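Have a look at data-v2.txt below; it lists compact mmCIF, C-alpha atoms.
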```
# COMPACT_ATOMS: atom_id res chain seq x y z
CA MET R 472 50.56 90.00 -6.82
CA ARG R 473 53.26 91.32 -4.48
CA ASP R 474 56.45 92.98 -5.61
CA ASP R 475 59.67 92.09 -3.83
CA GLN R 476 61.14 95.57 -3.95
CA THR R 477 58.47 97.47 -1.99
CA GLY R 478 56.11 94.77 -0.69
CA THR R 479 53.21 96.49 -2.45
CA PHE R 480 50.19 94.33 -3.32
CA TRP R 481 48.84 94.69 -6.86
CA GLN R 482 45.41 93.61 -8.01
CA GLN R 483 45.86 91.14 -10.82
CA ILE R 484 42.84 92.03 -12.94
CA SER R 485 43.38 95.80 -12.89
CA GLY R 486 47.12 96.23 -12.26
CA ARG R 487 46.27 98.70 -9.49
CA ALA R 488 48.31 98.84 -6.29
CA ILE R 489 45.80 98.20 -3.50
CA SER R 490 48.03 98.08 -0.40
CA GLY R 491 51.54 99.06 0.53
CA PRO R 492 53.96 101.88 -0.22
CA LEU R 493 52.85 102.25 -3.85
CA ALA R 494 49.09 102.04 -3.09
CA GLY R 495 47.10 103.93 -5.71
CA SER R 496 49.70 103.41 -8.46
CA GLN R 497 48.65 101.80 -11.70
CA LEU R 498 50.64 99.45 -13.93
CA GLU R 499 50.42 100.23 -17.61
CA PHE R 500 48.29 97.68 -19.44
CA VAL R 501 50.05 95.73 -22.19
CA SER R 502 47.74 94.66 -24.95
CA SER R 503 47.48 90.87 -25.11
CA ASP R 504 45.06 88.22 -26.19
CA GLU R 505 44.34 84.56 -25.70
CA LEU R 506 44.86 82.52 -28.84
CA SER R 507 45.25 78.89 -29.76
CA PHE R 508 48.90 78.02 -30.33
CA GLY R 509 48.09 76.80 -33.84
CA LEU R 510 46.62 80.17 -34.79
CA TRP R 511 49.27 82.23 -32.97
CA ARG R 512 52.14 80.56 -34.78
CA THR R 513 50.77 81.53 -38.21
CA GLN R 514 51.47 85.22 -37.64
CA SER R 515 54.56 86.76 -39.17
CA GLY R 516 57.74 87.82 -37.42
CA ALA R 517 59.98 86.30 -34.76
CA LYS R 518 58.01 84.15 -32.37
CA THR R 519 59.18 82.93 -28.98
CA VAL R 520 57.39 80.76 -26.45
CA LEU R 521 57.88 80.51 -22.69
CA LYS R 522 59.79 77.30 -22.00
CA PRO R 523 58.45 74.98 -19.35
CA VAL R 524 60.49 75.01 -16.13
CA ALA R 525 61.96 71.49 -16.12
CA LYS R 526 61.54 70.76 -12.42
CA TYR R 527 57.84 71.69 -12.47
CA VAL R 528 56.76 70.15 -15.77
CA ARG R 529 55.20 67.14 -14.06
CA ASP R 530 53.11 69.44 -11.91
CA TYR R 531 51.74 71.54 -14.77
CA GLU R 532 48.05 71.45 -15.36
CA ALA R 533 46.70 68.57 -17.44
CA LYS R 534 45.32 69.26 -20.88
CA ASP R 535 41.76 68.98 -19.60
CA TRP R 536 42.39 71.25 -16.62
CA ASP R 537 39.76 73.76 -17.73
CA VAL R 538 37.16 70.99 -17.82
CA ARG R 539 38.03 70.06 -14.23
CA MET R 540 38.21 73.71 -13.18
CA ALA R 541 34.69 74.27 -14.51
CA LYS R 542 33.47 71.93 -11.76
CA VAL R 543 35.31 73.63 -8.91
CA LYS R 544 32.93 75.42 -6.58
CA THR R 545 33.25 79.19 -6.46
CA VAL R 546 33.10 81.38 -3.36
CA LEU R 547 31.04 83.97 -5.19
CA ASP R 548 27.71 83.56 -6.92
CA PHE R 549 25.59 86.04 -8.78
CA PRO R 550 22.17 84.46 -9.09
CA ASN R 551 19.40 85.63 -11.41
CA THR R 552 21.82 86.73 -14.11
CA GLY R 553 21.12 83.85 -16.45
CA LEU R 554 24.73 82.73 -16.22
CA ARG R 555 26.40 80.18 -14.00
CA SER R 556 29.46 81.19 -12.01
CA ARG R 557 31.88 79.17 -14.13
CA ASP R 558 30.42 80.15 -17.49
CA LEU R 559 33.16 81.59 -19.68
CA VAL R 560 32.71 85.13 -20.88
CA LEU R 561 34.70 87.57 -22.96
CA GLY R 562 34.80 90.68 -20.81
CA VAL R 563 35.09 94.12 -22.37
CA ASP R 564 35.58 97.31 -20.39
CA ALA R 565 35.74 100.17 -22.87
CA PHE R 566 34.11 103.46 -23.82
CA GLY R 567 32.78 103.86 -20.28
CA ALA R 568 30.90 100.56 -20.23
CA SER R 569 31.52 96.98 -19.16
CA ARG R 570 29.93 94.07 -20.96
CA ALA R 571 30.24 90.31 -20.73
CA TYR R 572 29.86 88.30 -23.92
CA PRO R 573 29.16 84.65 -23.06
CA VAL R 574 31.61 82.58 -25.07
CA ASN R 575 28.97 80.09 -26.20
CA ARG R 576 26.92 82.97 -27.68
CA ILE R 577 29.95 84.35 -29.51
CA ARG R 578 30.73 80.92 -30.94
CA ALA R 579 27.15 80.46 -32.07
CA ALA R 580 26.95 83.90 -33.67
CA LYS R 581 30.51 83.85 -35.15
CA LEU R 582 30.32 87.63 -35.35
CA ILE R 583 28.57 90.07 -33.03
CA GLU R 584 27.85 93.70 -33.83
CA ASP R 585 27.18 95.68 -30.70
CA ARG R 586 27.42 99.15 -29.19
CA LEU R 587 29.18 100.12 -25.99
CA ASN R 588 27.94 103.49 -24.79
CA GLY R 589 27.07 104.26 -28.40
CA THR R 590 30.41 103.17 -29.87
CA PRO R 591 30.04 100.35 -32.42
CA VAL R 592 32.10 97.28 -31.63
CA LEU R 593 32.64 94.00 -33.35
CA VAL R 594 33.27 90.70 -31.57
CA ILE R 595 34.72 88.06 -33.86
CA VAL R 596 35.74 84.42 -33.69
CA GLY R 597 39.10 83.37 -35.08
CA PRO R 598 39.52 80.81 -37.84
CA ASP R 599 40.43 78.27 -35.12
CA GLN R 600 36.93 78.76 -33.62
CA LYS R 601 38.62 79.10 -30.19
CA SER R 602 40.07 82.60 -30.16
CA PHE R 603 38.12 85.84 -29.90
CA ARG R 604 38.92 89.48 -30.57
CA VAL R 605 37.04 92.75 -30.27
CA PHE R 606 37.40 95.77 -32.56
CA GLN R 607 35.93 99.21 -32.80
CA ALA R 608 33.69 98.95 -35.88
CA ARG R 609 33.38 101.56 -38.60
CA THR R 610 30.21 103.59 -38.18
CA GLY R 611 27.68 102.90 -40.90
CA SER R 612 29.10 99.55 -41.92
CA GLU R 613 27.39 96.23 -41.58
CA TYR R 614 29.54 93.20 -41.00
CA PHE R 615 29.01 89.56 -41.90
CA SER R 616 30.79 86.44 -40.81
CA LEU R 617 32.21 84.47 -43.73
CA THR R 618 30.24 81.28 -43.96
CA GLN R 619 32.93 79.30 -45.72
CA ALA R 620 35.33 77.93 -43.14
CA PRO R 621 38.59 79.79 -43.70
CA ARG R 622 42.05 78.33 -43.36
CA ASN R 623 43.36 78.18 -39.81
CA GLN R 624 45.60 81.20 -40.30
CA ILE R 625 45.61 84.51 -38.54
CA GLY R 626 45.72 86.34 -41.87
CA ALA R 627 42.83 84.43 -43.41
CA PRO R 628 39.66 86.43 -44.01
CA VAL R 629 36.99 85.80 -41.38
CA PHE R 630 34.39 88.48 -42.07
CA MET R 631 33.31 91.08 -44.61
CA ASP R 632 31.63 94.47 -44.55
CA SER R 633 28.75 95.89 -46.56
CA THR R 634 30.32 99.27 -47.31
CA SER R 635 33.44 98.20 -49.14
CA GLY R 636 32.45 94.65 -49.88
CA GLY R 637 35.92 93.71 -48.73
CA THR R 638 37.04 90.93 -46.46
CA TRP R 639 38.81 91.34 -43.14
CA ASN R 640 41.09 89.04 -41.21
CA PHE R 641 41.40 88.16 -37.53
CA ASP R 642 43.86 91.03 -37.05
CA GLY R 643 40.98 93.35 -37.94
CA CYS R 644 42.66 94.38 -41.20
CA ALA R 645 40.96 94.55 -44.60
CA VAL R 646 42.61 92.09 -46.97
CA SER R 647 40.45 92.89 -49.99
CA GLY R 648 38.05 95.57 -51.23
CA SER R 649 38.40 99.34 -51.34
CA LEU R 650 39.55 99.50 -47.71
CA ARG R 651 42.35 96.97 -48.22
CA GLY R 652 45.20 97.71 -45.80
CA THR R 653 42.92 99.50 -43.34
CA CYS R 654 42.90 98.08 -39.82
CA LEU R 655 40.18 98.43 -37.21
CA LYS R 656 41.16 99.64 -33.77
CA SER R 657 41.55 96.78 -31.31
CA VAL R 658 39.52 96.85 -28.10
CA PRO R 659 41.01 95.07 -25.03
CA ALA R 660 39.06 92.00 -23.91
CA ILE R 661 39.77 89.19 -21.49
CA ASN R 662 38.57 85.62 -21.21
CA ASP R 663 37.18 85.17 -17.73
CA TYR R 664 34.74 83.24 -15.61
CA TRP R 665 31.44 85.03 -15.17
CA PHE R 666 31.71 85.26 -11.35
CA ASP R 667 35.17 86.79 -11.57
CA TRP R 668 34.27 89.30 -14.26
CA ARG R 669 31.08 90.31 -12.42
CA ASN R 670 32.97 90.65 -9.13
CA TYR R 671 35.41 93.19 -10.52
CA HIS R 672 32.88 94.86 -12.83
CA PRO R 673 29.74 95.26 -10.73
CA GLN R 674 28.15 97.54 -13.34
CA THR R 675 28.65 95.05 -16.16
CA THR R 676 25.84 94.16 -18.49
CA ILE R 677 25.48 90.86 -20.29
CA PHE R 678 25.19 90.79 -24.06
CA ASN R 679 21.65 90.05 -25.22
CA ARG R 680 20.09 90.05 -21.79
CA MET X 608 45.42 91.90 47.50
CA ALA X 609 46.93 94.89 45.69
CA LYS X 610 50.08 92.85 44.93
CA LEU X 611 47.97 90.02 43.59
CA SER X 612 46.08 92.38 41.29
CA ALA X 613 49.29 93.97 40.05
CA ARG X 614 50.70 90.54 39.22
CA PHE X 615 47.63 89.58 37.27
CA ILE X 616 47.56 92.89 35.44
CA ILE X 617 51.19 92.39 34.39
CA LEU X 618 50.45 88.82 33.32
CA LEU X 619 47.41 90.01 31.42
CA ALA X 620 49.58 92.59 29.65
CA ILE X 621 52.10 89.88 28.73
CA VAL X 622 49.36 87.65 27.34
CA LEU X 623 47.77 90.53 25.40
CA LEU X 624 51.13 91.41 23.86
CA ALA X 625 51.53 87.78 22.76
CA LEU X 626 48.01 87.83 21.30
CA THR X 627 48.81 91.04 19.43
CA ALA X 628 51.87 89.39 17.86
CA ALA X 629 49.75 86.32 17.07
CA ALA X 630 47.10 88.47 15.39
CA CYS X 631 49.78 90.02 13.15
CA PHE X 632 50.43 86.54 11.79
CA ALA X 633 47.05 84.86 12.03
CA TYR X 634 44.61 87.53 10.83
CA PRO X 635 46.02 87.90 7.29
CA ILE X 636 46.33 84.13 6.99
CA TYR X 637 42.71 83.71 8.04
CA VAL X 638 41.32 86.41 5.74
CA ILE X 639 43.41 85.69 2.64
CA ARG X 640 43.12 81.91 2.67
CA PRO X 641 42.08 80.44 -0.68
CA PHE X 642 38.48 79.58 -1.50
CA ARG X 643 37.10 82.01 1.03
CA ARG X 644 35.02 85.06 0.19
CA GLN X 645 36.82 88.22 1.29
CA GLY X 646 35.06 91.44 2.12
CA ALA X 647 36.71 94.63 0.89
CA THR X 648 37.26 96.02 4.40
CA GLU X 649 38.68 92.85 5.91
CA LEU X 650 40.94 92.39 2.90
CA ALA X 651 42.25 95.94 3.25
CA LEU X 652 42.83 95.31 6.97
CA ALA X 653 44.60 92.01 6.30
CA LEU X 654 46.87 93.53 3.64
CA GLY X 655 47.56 96.46 5.96
CA MET X 656 48.39 93.99 8.71
CA ILE X 657 50.92 92.29 6.41
CA GLN X 658 52.58 95.69 5.93
CA ILE X 659 52.77 96.68 9.60
CA GLY X 660 52.71 93.14 11.07
CA PRO X 661 56.48 92.62 11.18
CA TRP X 662 57.00 95.89 13.07
CA LEU X 663 54.01 95.53 15.37
CA SER X 664 54.81 91.92 16.23
CA THR X 665 58.46 92.78 16.88
CA LEU X 666 57.44 95.61 19.19
CA SER X 667 54.90 93.39 20.94
CA ALA X 668 57.38 90.54 21.34
CA ALA X 669 60.10 92.88 22.63
CA VAL X 670 57.83 94.47 25.23
CA CYS X 671 56.52 91.01 26.13
CA VAL X 672 60.07 89.75 26.77
CA ILE X 673 61.08 92.85 28.75
CA LEU X 674 57.93 92.79 30.85
CA THR X 675 58.34 89.09 31.57
CA ALA X 676 61.98 89.57 32.59
CA LEU X 677 61.13 92.49 34.89
CA ALA X 678 58.14 90.76 36.42
CA TRP X 679 59.67 87.27 36.64
CA ARG X 680 60.47 87.34 40.37
CA HIS X 681 57.01 88.69 41.14
CA LEU X 682 55.32 85.97 39.13
CA ARG X 683 55.32 83.34 41.80
CA GLY X 684 53.94 79.92 41.12
CA ARG X 685 54.48 77.56 38.22
CA LEU X 686 51.26 78.42 36.49
CA LEU X 687 51.90 82.16 36.27
CA ARG X 688 55.45 81.64 35.06
CA ALA X 689 54.35 79.00 32.57
CA VAL X 690 51.73 81.38 31.14
CA ALA X 691 54.30 84.19 30.92
CA LEU X 692 56.89 81.94 29.28
CA ALA X 693 54.36 80.53 26.83
CA SER X 694 53.36 84.08 25.92
CA VAL X 695 56.98 84.99 25.21
CA LEU X 696 57.40 81.92 23.01
CA VAL X 697 54.18 82.62 21.12
CA ALA X 698 55.16 86.27 20.63
CA ALA X 699 58.64 85.32 19.39
CA ALA X 700 57.28 82.68 17.01
CA CYS X 701 54.63 85.05 15.62
CA CYS X 702 57.25 87.76 15.27
CA TYR X 703 59.01 85.46 12.78
CA LEU X 704 55.84 84.10 11.16
CA SER X 705 54.42 87.56 10.50
CA ARG X 706 57.31 87.99 8.04
CA VAL X 707 56.25 84.89 6.11
CA ASN X 708 53.28 84.62 3.75
CA ILE X 709 52.64 80.88 3.85
CA TYR X 710 50.38 81.07 0.80
CA GLU X 711 53.30 82.18 -1.32
CA PHE X 712 54.81 78.73 -0.70
CA LEU X 713 51.86 77.26 -2.59
CA PHE X 714 53.02 78.93 -5.79
CA HIS X 715 56.30 78.26 -7.48
CA PRO X 716 57.62 81.23 -9.40
CA ALA X 717 58.91 80.64 -12.90
CA GLY X 718 62.18 82.33 -11.93
CA ARG X 719 64.15 83.85 -14.78
CA PRO X 720 62.03 82.85 -17.78
CA GLN X 721 63.58 80.96 -20.67
CA PHE X 722 62.18 81.03 -24.18
CA GLU X 723 62.30 78.86 -27.26
CA CYS X 724 61.40 79.31 -30.91
CA ALA X 725 57.80 78.55 -31.81
CA ASP X 726 58.96 75.63 -33.95
CA GLN X 727 60.60 73.97 -30.95
CA ALA X 728 57.70 74.37 -28.53
CA LYS X 729 56.04 71.10 -27.58
CA LEU X 730 52.51 72.42 -27.74
CA ASN X 731 49.43 71.16 -29.54
CA ALA X 732 47.69 73.41 -32.05
CA ASP X 733 44.66 73.73 -29.79
CA ASP X 734 46.64 74.64 -26.63
CA MET X 735 45.80 78.19 -25.60
CA VAL X 736 48.45 80.85 -25.09
CA ILE X 737 48.53 84.41 -23.84
CA ALA X 738 50.03 86.39 -26.70
CA VAL X 739 51.79 89.75 -26.81
CA ARG X 740 53.25 91.51 -29.81
CA ALA X 741 55.64 94.44 -30.25
CA ASN X 742 58.05 95.69 -32.90
CA GLY X 743 57.26 92.80 -35.23
CA SER X 744 57.98 90.16 -32.59
CA ALA X 745 55.48 87.92 -30.86
CA ARG X 746 55.70 86.08 -27.59
CA ALA X 747 53.42 83.38 -26.20
CA TYR X 748 52.88 82.24 -22.63
CA PRO X 749 51.17 78.82 -22.62
CA ILE X 750 48.10 78.86 -20.39
CA ARG X 751 48.91 75.52 -18.77
CA GLU X 752 52.27 76.87 -17.62
CA MET X 753 50.76 80.16 -16.54
CA ALA X 754 47.99 78.38 -14.60
CA TYR X 755 50.77 76.85 -12.52
CA HIS X 756 53.21 79.74 -12.08
CA HIS X 757 50.56 82.49 -12.29
CA VAL X 758 53.16 85.25 -12.60
CA VAL X 759 56.08 85.54 -15.03
CA ASN X 760 58.42 88.51 -14.86
CA ASP X 761 59.80 89.13 -18.32
CA THR X 762 61.41 91.66 -20.62
CA PHE X 763 59.87 91.91 -24.06
CA ALA X 764 60.85 94.43 -26.75
CA ASN X 765 63.20 95.99 -24.16
CA GLU X 766 60.32 96.67 -21.79
CA PRO X 767 59.89 94.99 -18.41
CA ILE X 768 56.50 93.31 -18.33
CA VAL X 769 54.69 90.91 -16.04
CA ALA X 770 52.43 88.24 -17.49
CA THR X 771 49.77 86.99 -15.05
CA TYR X 772 47.03 84.40 -15.14
```
Take the structure I supplied and represent it as structure tokens, if you would.
Amino acid sequence: MRDDQTGTFWQQISGRAISGPLAGSQLEFVSSDELSFGLWRTQSGAKTVLKPVAKYVRDYEAKDWDVRMAKVKTVLDFPNTGLRSRDLVLGVDAFGASRAYPVNRIRAAKLIEDRLNGTPVLVIVGPDQKSFRVFQARTGSEYFSLTQAPRNQIGAPVFMDSTSGGTWNFDGCAVSGSLRGTCLKSVPAINDYWFDWRNYHPQTTIFNR
Amino acid sequence: MAKLSARFIILLAIVLLALTAAACFAYPIYVIRPFRRQGATELALALGMIQIGPWLSTLSAAVCVILTALAWRHLRGRLLRAVALASVLVAAACCYLSRVNIYEFLFHPAGRPQFECADQAKLNADDMVIAVRANGSARAYPIREMAYHHVVNDTFANEPIVATY
């Protein structure tokens, strides 16, 4: 990215200024996540959506653009990692460690309990089966994915824990049990292609490899 | 013989100045072109060239023009004058082009973003969005729009933010 005011170039993935008058500066990260529209719109509060720009609507990507993009050749390859360049991963860079969670493994597991540099984390799949979030888990608890398919709502319970026996929703908040009202701390994560994540996180590990 | 050498040295200087101006334009374009692997050093050089390119190419073009004007009557023969003139034209063109990033023409900014209520959005339930939340409000940037514009400058919850994809 380049800003018009100073001509500084900013690295998209990190928000760091890499060339120009503001080189070395860092944009503050705004917490965000990638959700299906159907799931996103079930959350409470005022909700606004970016309107398409009328004169470009015809040029917008087709619905299957990610399928086509998956076939586009990459300029970077990281062989012998067990992943193909265009494999989708959920990338987490937290607690002094970087880890890539292949999306197909997250979907298959529904819920992943892991540790990043000793800190317990929880990777969960939303009730839409398309959205993912990561939370800092409570030490000593064991978590289980709810087997019964929940309603496609952001507030619907998607997992439970062994300590309180309560259920938790996709916001990471307990909706039943003794910890009801408690929310787990969110951990930033981004959906990315493996080659891109690996390029910017050379020290990354891959979950279960 | 000495005069001949001096003429060629001046012509060589004129050509080198034109090449310097050309490099200010061409090197970043070559390095930053899409679907090409960029090394860290060459990328840093190319981005640095974009920063100093307009000044360096202007200086090169100016000296190129002045040198050509001063040496014009000594540059006898059509070929020498043609080379000098071509160098001036190249330097002048690259002086302008070094101020233009042609790759930015490939992307169409979203301009001042407009928003609509979630109920009015023509999106399918399974369309993916980038979502932010603050002060009880939520905002969504549809991925298919973001994959086209790539950057949206916005203000959300009274804070200037930039959404990128």
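If only C-alpha atoms are the atoms counted, then among R:Ile661, R:Trp668, R:Ser649, R:Asn575 the closest residue to chain X is R:Ile661.
Proximity of R:Ser515, R:Ser507, R:Ser569, R:Asn662 to chain X, computed with only C-alpha atoms, is greatest for R:Ser507.
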Margin query: Taking all atoms listed in the file into account, find every residue of chain R that has an atom no more than 8 Å from chain X, and write it out as a PyMOL selection string.
Written below: chain R and resi 472+478+480+483+489-491+501-512+515-524+530-534+545-547
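Look at R:Arg604: the protein and nucleic acid residues within 8 Å of it, using only C-alpha atoms and passing over chain neighbours fewer than 5 places away, are Asp504, Val594, Ile595, Val596, Gly597, Phe641, Ser657, Val658 and Ala660 of chain R.
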Next item on the list: Write out as a PyMOL selection string which residues come within 9 Å of stretch 631-636 of chain X when counting only C-alpha atoms, dropping same-chain ones fewer than 2 positions away.
Entry: chain X and resi 626-629+638-640+649-650+652-657+659-661+663-664+701-710
Mind writing the picked residues with C-alpha atoms as a PDB file, in the coordinates of the input?
```pdb
ATOM      1  CA  LEU X 626      48.010  87.830  21.300  1.00  0.00           C
ATOM      2  CA  THR X 627      48.810  91.040  19.430  1.00  0.00           C
ATOM      3  CA  ALA X 628      51.870  89.390  17.860  1.00  0.00           C
ATOM      4  CA  ALA X 629      49.750  86.320  17.070  1.00  0.00           C
ATOM      5  CA  VAL X 638      41.320  86.410   5.740  1.00  0.00           C
ATOM      6  CA  ILE X 639      43.410  85.690   2.640  1.00  0.00           C
ATOM      7  CA  ARG X 640      43.120  81.910   2.670  1.00  0.00           C
ATOM      8  CA  GLU X 649      38.680  92.850   5.910  1.00  0.00           C
ATOM      9  CA  LEU X 650      40.940  92.390   2.900  1.00  0.00           C
ATOM     10  CA  LEU X 652      42.830  95.310   6.970  1.00  0.00           C
ATOM     11  CA  ALA X 653      44.600  92.010   6.300  1.00  0.00           C
ATOM     12  CA  LEU X 654      46.870  93.530   3.640  1.00  0.00           C
ATOM     13  CA  GLY X 655      47.560  96.460   5.960  1.00  0.00           C
ATOM     14  CA  MET X 656      48.390  93.990   8.710  1.00  0.00           C
ATOM     15  CA  ILE X 657      50.920  92.290   6.410  1.00  0.00           C
ATOM     16  CA  ILE X 659      52.770  96.680   9.600  1.00  0.00           C
ATOM     17  CA  GLY X 660      52.710  93.140  11.070  1.00  0.00           C
ATOM     18  CA  PRO X 661      56.480  92.620  11.180  1.00  0.00           C
ATOM     19  CA  LEU X 663      54.010  95.530  15.370  1.00  0.00           C
ATOM     20  CA  SER X 664      54.810  91.920  16.230  1.00  0.00           C
ATOM     21  CA  CYS X 701      54.630  85.050  15.620  1.00  0.00           C
ATOM     22  CA  CYS X 702      57.250  87.760  15.270  1.00  0.00           C
ATOM     23  CA  TYR X 703      59.010  85.460  12.780  1.00  0.00           C
ATOM     24  CA  LEU X 704      55.840  84.100  11.160  1.00  0.00           C
ATOM     25  CA  SER X 705      54.420  87.560  10.500  1.00  0.00           C
ATOM     26  CA  ARG X 706      57.310  87.990   8.040  1.00  0.00           C
ATOM     27  CA  VAL X 707      56.250  84.890   6.110  1.00  0.00           C
ATOM     28  CA  ASN X 708      53.280  84.620   3.750  1.00  0.00           C
ATOM     29  CA  ILE X 709      52.640  80.880   3.850  1.00  0.00           C
ATOM     30  CA  TYR X 710      50.380  81.070   0.800  1.00  0.00           C
TER      31      TYR X 710
END
```
Which residues are close to R:Val543, i.e. within 12 Å by only C-alpha atoms, leaving aside same-chain residues fewer than 5 positions away? Reply as a PDB file with C-alpha atoms, in the frame of the given file.
```
ATOM      1  CA  TRP R 536      42.390  71.250 -16.620  1.00  0.00           C
ATOM      2  CA  ASP R 537      39.760  73.760 -17.730  1.00  0.00           C
ATOM      3  CA  VAL R 538      37.160  70.990 -17.820  1.00  0.00           C
ATOM      4  CA  SER R 556      29.460  81.190 -12.010  1.00  0.00           C
ATOM      5  CA  ARG R 557      31.880  79.170 -14.130  1.00  0.00           C
ATOM      6  CA  ASP R 558      30.420  80.150 -17.490  1.00  0.00           C
ATOM      7  CA  TYR R 664      34.740  83.240 -15.610  1.00  0.00           C
TER       8      TYR R 664
ATOM      9  CA  PHE X 642      38.480  79.580  -1.500  1.00  0.00           C
TER      10      PHE X 642
END
```
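If you look at atom CA of R:Ser496 and atom CA of R:Arg473, they are 13.2 Å away from each other.
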Coordinates of box centre and edge lengths for stretch 632-649 of chain X, 3 Å on every side, axis-aligned, as AutoDock Vina command-line options:
```
--center_x 42.7 --center_y 87.8 --center_z 5.3 --size_x 21.4 --size_y 22.4 --size_z 19.5
```
Name all residues at most 8 Å from R:Pro628 (count all atoms listed in the file; drop same-chain ones fewer than 4 positions away) and give them as a tab-separated table (two decimals) with C-alpha atoms, in the frame of the given file.
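Done, and the output landed in result30.tsv:
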```
chain	number	residue	atom	x	y	z
R	617	LEU	CA	32.21	84.47	-43.73
R	621	PRO	CA	38.59	79.79	-43.70
R	638	THR	CA	37.04	90.93	-46.46
R	639	TRP	CA	38.81	91.34	-43.14
R	640	ASN	CA	41.09	89.04	-41.21
R	641	PHE	CA	41.40	88.16	-37.53
R	646	VAL	CA	42.61	92.09	-46.97
```
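You will find atom CA of R:Lys601 at 18.5 Å from atom CA of R:Glu584.
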Next item on the list: Pick out the residues sitting within 12 Å of X:Arg683, and hand them over as a list in words; count only C-alpha atoms, and ignore anything fewer than 3 positions along from it in its own chain.
Entry: Lys610, Leu611, Arg614, Phe615, Leu618, Ala678, Trp679, Arg680, Leu686, Leu687, Arg688, Ala689, Val690 and Ala691 of chain X
Radius query 8 Å about (31.6, 98.4, -21.1), atoms used: only C-alpha atoms, as an mmCIF file with C-alpha atoms, in the coordinates of the input:
```cif
data_model
loop_
_atom_site.group_PDB
_atom_site.id
_atom_site.type_symbol
_atom_site.label_atom_id
_atom_site.label_comp_id
_atom_site.auth_asym_id
_atom_site.auth_seq_id
_atom_site.Cartn_x
_atom_site.Cartn_y
_atom_site.Cartn_z
ATOM 1 C CA VAL R 563 35.090 94.120 -22.370
ATOM 2 C CA ASP R 564 35.580 97.310 -20.390
ATOM 3 C CA ALA R 565 35.740 100.170 -22.870
ATOM 4 C CA PHE R 566 34.110 103.460 -23.820
ATOM 5 C CA GLY R 567 32.780 103.860 -20.280
ATOM 6 C CA ALA R 568 30.900 100.560 -20.230
ATOM 7 C CA SER R 569 31.520 96.980 -19.160
ATOM 8 C CA ARG R 570 29.930 94.070 -20.960
ATOM 9 C CA LEU R 587 29.180 100.120 -25.990
ATOM 10 C CA ASN R 588 27.940 103.490 -24.790
ATOM 11 C CA THR R 675 28.650 95.050 -16.160
ATOM 12 C CA THR R 676 25.840 94.160 -18.490
#
```
Check: Please, what distance in Å, to one decimal, runs between atom CA of R:Leu655 and atom CA of R:Gln624?
Finding: 18.3 Å
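Each of R:Gly611, R:Pro573, R:Gly495, R:Gly553 was compared to R:Phe678 using all atoms listed in the file, and R:Pro573 turns out to be the nearest.
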